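Asker: There's a structure below that I have some questions on.
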Amino acid sequence: MNILFFIASGIAAYLICSVNPALIITEIKLKEDIREIGSGNAGMTNVLRAAGKKAAALTLAGDIFKCFIAVAAARLVYFYLFKQPYAWYLDYITGYAAVAGHLFPLYYGFKGGKGVAVCACLFLLINPFAFAAAFIVFIAAVILSKMISAASVISAALYPAIHGIILYYGGSSDEKTVWRIILTAGLSLIIIIMHRGNIKRILSGTERKIK
């Protein structure tokens with residue numbers, strides 16, 4: 001029963017997060033595919049440049065909301081079926097499936113965004129305190145560099161370490177904690193890999209900055 005539930009939760013999270021707000025919003029507003037505009041990324045930053053602040057804000061909200069729904073729904077159903085309040089590994093099962101849906105959406109030819117907003121939502125749900133610290137780093141990096149890509153990579157790289165420190169000083173130091181840190185680091189690694197082109201441009205000084 002548990003295994004079937006986890007499989008179903010993963011499939012549901014993938015299907016929910018295959019919905020891409022960036023593609024929907026720009027299709028409505030611009031009558032174009034955002035993947036054929038600017039950087040070609042179906043994410044908030046490209047929408048900001050192509051369609052403006054309001055469209056970018058809606059894209060960000062949509063990406064966060066779909067991930068939240070996928071994870072929160074799995075938590076609620078888990079509680080209803082098994083009468084247990086929380087299973088830490090369920091967040092990672094649904095989380096990785098949600099990221100896969102965003103990166104490789106079933107409904108859009110398996111070409112989606114870079115997963116920053118979806119992973120940010122997961123980071124918030126996994127450890128709100130670590131997220132708050134990483135978010136402060138993100139804002140500071142955006143202000144200093146004027147590059148959302150650089151800020152995303154830096155904050156994503158720091159999050160697992162902050163998460164681990166908080167768990168350790170919170171009294172968690174067992175094998176489960178190690179796995180939580182490793183799986184969290186995997187999410188951060190996905191963000192970094194998806195930004196490999198941006199990293200090359202940052203190092204060469206050709207990455208575009210925001211105003």
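Residue names in the structure tokens use chain letters A, B, ... in the order shown, residue numbers from 1 in each chain, and ligand numbers from 1 in the order shown.
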Tell me, as a count of residues only, which residues lie within 12 Å of segment 23-27 of chain A, counting only C-alpha atoms; anything in the same chain fewer than 6 positions away does not count.

Answerer: 35

Asker: Per residue of segment 15-49 of chain A within 12 Å of segment 68-87 of chain A, note the shortest atom pair and the distance in Å to one decimal, counting only C-alpha atoms, and order the rows by chain and increasing residue number, as CSV.

Answerer:
```
residue,atom,partner,partner_atom,distance
A:Leu15,CA,A:Ala70,CA,9.1
A:Ile16,CA,A:Ala70,CA,6.6
A:Cys17,CA,A:Ala70,CA,7.5
A:Ser18,CA,A:Ala70,CA,11.0
A:Val19,CA,A:Ala70,CA,11.6
```

Asker: Selected residues, N, CA and C atoms, written as a short mmCIF file (atom, residue, chain, number, x, y, z; two decimals), in the first residue's frame, please.

Answerer:
```cif
data_model
loop_
_atom_site.label_atom_id
_atom_site.label_comp_id
_atom_site.auth_asym_id
_atom_site.auth_seq_id
_atom_site.Cartn_x
_atom_site.Cartn_y
_atom_site.Cartn_z
N LEU A 15 2.75 15.15 -13.18
CA LEU A 15 1.70 15.64 -14.07
C LEU A 15 1.27 17.07 -13.70
N ILE A 16 1.16 17.34 -12.40
CA ILE A 16 0.78 18.69 -11.96
C ILE A 16 1.84 19.70 -12.38
N CYS A 17 3.09 19.36 -12.17
CA CYS A 17 4.18 20.31 -12.44
C CYS A 17 4.61 20.32 -13.89
N SER A 18 4.00 19.47 -14.71
CA SER A 18 4.22 19.57 -16.16
C SER A 18 3.48 20.78 -16.74
N VAL A 19 2.52 21.30 -16.00
CA VAL A 19 1.85 22.54 -16.41
C VAL A 19 2.85 23.69 -16.25
#
```

Asker: How would you write, as a PyMOL selection string, the set of residues in segment 35-176 of chain A that DSSP gives as helix (DSSP H, G or I)?

Answerer: chain A and resi 35-36+44-51+53-82+88-103+106-108+116-126+128-145+148-169+175-176

Asker: Quick one: everything within 10 Å of Leu125 of chain A, counting only C-alpha atoms, minus sequence neighbours fewer than 2 positions away in the same chain. Send it as an MDAnalysis selection string.

Answerer: chainID A and resid 67:68 71:72 91 95 119:123 127:129 131

Asker: Could the residues in this selection be saved with N, CA, C and O atoms as a CSV table (one decimal), in the first residue's frame?

Answerer:
```csv
chain,number,residue,atom,x,y,z
A,67,CYS,N,4.0,23.5,-7.4
A,67,CYS,CA,4.8,22.7,-6.5
A,67,CYS,C,4.2,22.5,-5.1
A,67,CYS,O,4.2,21.4,-4.6
A,68,PHE,N,3.7,23.6,-4.6
A,68,PHE,CA,3.1,23.5,-3.3
A,68,PHE,C,1.9,22.6,-3.3
A,68,PHE,O,1.7,21.7,-2.4
A,71,VAL,N,3.1,18.8,-3.4
A,71,VAL,CA,3.6,18.3,-2.2
A,71,VAL,C,2.6,18.3,-1.0
A,71,VAL,O,2.5,17.3,-0.3
A,72,ALA,N,1.9,19.4,-0.9
A,72,ALA,CA,0.9,19.5,0.2
A,72,ALA,C,-0.2,18.4,0.0
A,72,ALA,O,-0.7,17.8,1.0
A,91,ASP,N,8.3,14.1,0.9
A,91,ASP,CA,8.6,15.4,0.3
A,91,ASP,C,9.6,15.3,-0.9
A,91,ASP,O,9.5,16.0,-1.9
A,95,GLY,N,8.9,15.8,-4.5
A,95,GLY,CA,9.7,17.0,-4.9
A,95,GLY,C,10.5,16.7,-6.2
A,95,GLY,O,10.5,17.5,-7.1
A,119,CYS,N,12.2,24.4,-7.1
A,119,CYS,CA,13.1,24.0,-6.1
A,119,CYS,C,13.0,24.9,-4.9
A,119,CYS,O,13.1,24.5,-3.7
A,120,ALA,N,12.8,26.2,-5.1
A,120,ALA,CA,12.7,27.1,-4.0
A,120,ALA,C,11.5,26.8,-3.1
A,120,ALA,O,11.6,26.9,-1.9
A,121,CYS,N,10.4,26.4,-3.7
A,121,CYS,CA,9.2,26.0,-3.0
A,121,CYS,C,9.5,24.8,-2.2
A,121,CYS,O,9.1,24.7,-1.0
A,122,LEU,N,10.2,23.8,-2.8
A,122,LEU,CA,10.6,22.6,-2.0
A,122,LEU,C,11.5,22.9,-0.9
A,122,LEU,O,11.4,22.4,0.2
A,123,PHE,N,12.5,23.8,-1.1
A,123,PHE,CA,13.4,24.2,0.0
A,123,PHE,C,12.6,24.8,1.1
A,123,PHE,O,12.9,24.6,2.3
A,127,ASN,N,12.7,23.0,4.8
A,127,ASN,CA,13.3,23.6,6.0
A,127,ASN,C,13.2,25.2,5.8
A,127,ASN,O,14.0,25.8,5.2
A,128,PRO,N,12.1,25.7,6.4
A,128,PRO,CA,11.8,27.1,6.2
A,128,PRO,C,12.9,28.0,6.7
A,128,PRO,O,13.2,29.1,6.1
A,129,PHE,N,13.7,27.6,7.8
A,129,PHE,CA,14.7,28.5,8.3
A,129,PHE,C,15.9,28.5,7.4
A,129,PHE,O,16.5,29.6,7.2
A,131,PHE,N,15.7,28.0,4.2
A,131,PHE,CA,15.2,28.8,3.0
A,131,PHE,C,15.4,30.3,3.3
A,131,PHE,O,15.8,31.0,2.4
```

Asker: To one decimal place in Å, what is the distance between atom CA of Trp179 of chain A and atom CA of Tyr96 of chain A?

Answerer: 14.2 Å

Asker: Do you have, as JSON lines, the list of residues of segment 79-182 of chain A lying at most 6 Å from segment 189-210 of chain A, each with its nearest atom pair and that distance in Å to one decimal, counting only C-alpha atoms and ordered by chain then number?

Answerer:
```
{"residue": "A:Lys114", "atom": "CA", "partner": "A:Met194", "partner_atom": "CA", "distance": 5.6}
{"residue": "A:Lys146", "atom": "CA", "partner": "A:Lys209", "partner_atom": "CA", "distance": 5.2}
{"residue": "A:Met147", "atom": "CA", "partner": "A:Lys209", "partner_atom": "CA", "distance": 5.0}
{"residue": "A:Val153", "atom": "CA", "partner": "A:Ile192", "partner_atom": "CA", "distance": 5.6}
```

Asker: Give me a file of those residues, with all heavy atoms, as a short mmCIF file (atom, residue, chain, number, x, y, z; two decimals), in the first residue's frame.

Answerer:
```cif
data_model
loop_
_atom_site.label_atom_id
_atom_site.label_comp_id
_atom_site.auth_asym_id
_atom_site.auth_seq_id
_atom_site.Cartn_x
_atom_site.Cartn_y
_atom_site.Cartn_z
N LYS A 114 14.05 25.90 -15.82
CA LYS A 114 15.27 25.48 -15.15
C LYS A 114 15.05 25.05 -13.71
O LYS A 114 15.98 24.61 -13.04
CB LYS A 114 16.32 26.59 -15.21
CG LYS A 114 16.78 26.88 -16.64
CD LYS A 114 17.86 27.95 -16.68
CE LYS A 114 18.33 28.17 -18.12
NZ LYS A 114 19.36 29.24 -18.19
N LYS A 146 23.33 41.91 -10.15
CA LYS A 146 22.28 42.22 -11.13
C LYS A 146 21.99 41.04 -12.05
O LYS A 146 21.50 41.20 -13.16
CB LYS A 146 22.68 43.44 -11.99
CG LYS A 146 22.96 44.71 -11.20
CD LYS A 146 21.72 45.24 -10.53
CE LYS A 146 21.93 46.61 -9.92
NZ LYS A 146 22.95 46.65 -8.87
N MET A 147 22.30 39.82 -11.55
CA MET A 147 22.08 38.61 -12.34
C MET A 147 21.29 37.60 -11.52
O MET A 147 21.80 37.11 -10.51
CB MET A 147 23.41 38.01 -12.80
CG MET A 147 24.16 38.84 -13.82
SD MET A 147 25.71 38.08 -14.38
CE MET A 147 26.75 38.33 -12.94
N VAL A 153 22.25 30.28 -8.51
CA VAL A 153 23.29 29.26 -8.34
C VAL A 153 23.95 29.37 -6.97
O VAL A 153 24.16 28.36 -6.29
CB VAL A 153 24.36 29.41 -9.46
CG1 VAL A 153 25.57 28.54 -9.16
CG2 VAL A 153 23.76 29.02 -10.81
#
```

Asker: Could you give me, as a VMD selection string, the residues within 12 Å of Ile154 of chain A, counting only C-alpha atoms and dropping anything in the same chain fewer than 3 positions from it?

Answerer: chain A and resid 116 134 to 142 145 147 to 151 157 to 161 188 to 189 191 to 192 195 199

Asker: Just the number, please: distance in Å from atom CA of Ile166 of chain A to atom CA of Ala133 of chain A, one decimal.

Answerer: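 It comes out at 10.7 Å.
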
Asker: Atom CA of Ile181 of chain A and atom CA of His163 of chain A are how many Å apart?

Answerer: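 Computing the Euclidean distance for atom CA of Ile181 of chain A and atom CA of His163 of chain A yields 7.1 Å.
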
Asker: Quick one: residues within 10 Å of Lys176 of chain A, only C-alpha atoms counted, chain neighbours fewer than 4 positions away excluded, as number ranges by chain?

Answerer: A: 88-89, 172, 180-182

Asker: May I have the selected residues written with N, CA and C atoms, as a short mmCIF file (atom, residue, chain, number, x, y, z; two decimals), in the first residue's frame?

Answerer:
```cif
data_model
loop_
_atom_site.label_atom_id
_atom_site.label_comp_id
_atom_site.auth_asym_id
_atom_site.auth_seq_id
_atom_site.Cartn_x
_atom_site.Cartn_y
_atom_site.Cartn_z
N TRP A 88 9.20 12.36 6.00
CA TRP A 88 10.17 13.25 5.37
C TRP A 88 10.52 12.83 3.95
N TYR A 89 10.55 11.52 3.71
CA TYR A 89 10.93 11.04 2.38
C TYR A 89 9.84 11.30 1.34
N SER A 172 19.65 16.54 15.17
CA SER A 172 19.53 15.43 14.21
C SER A 172 20.90 15.08 13.66
N ARG A 180 18.76 13.10 4.12
CA ARG A 180 18.04 14.35 3.87
C ARG A 180 18.97 15.40 3.27
N ILE A 181 20.18 15.47 3.78
CA ILE A 181 21.16 16.43 3.25
C ILE A 181 21.57 16.05 1.83
N ILE A 182 21.81 14.76 1.61
CA ILE A 182 22.23 14.30 0.27
C ILE A 182 21.14 14.57 -0.76
#
```
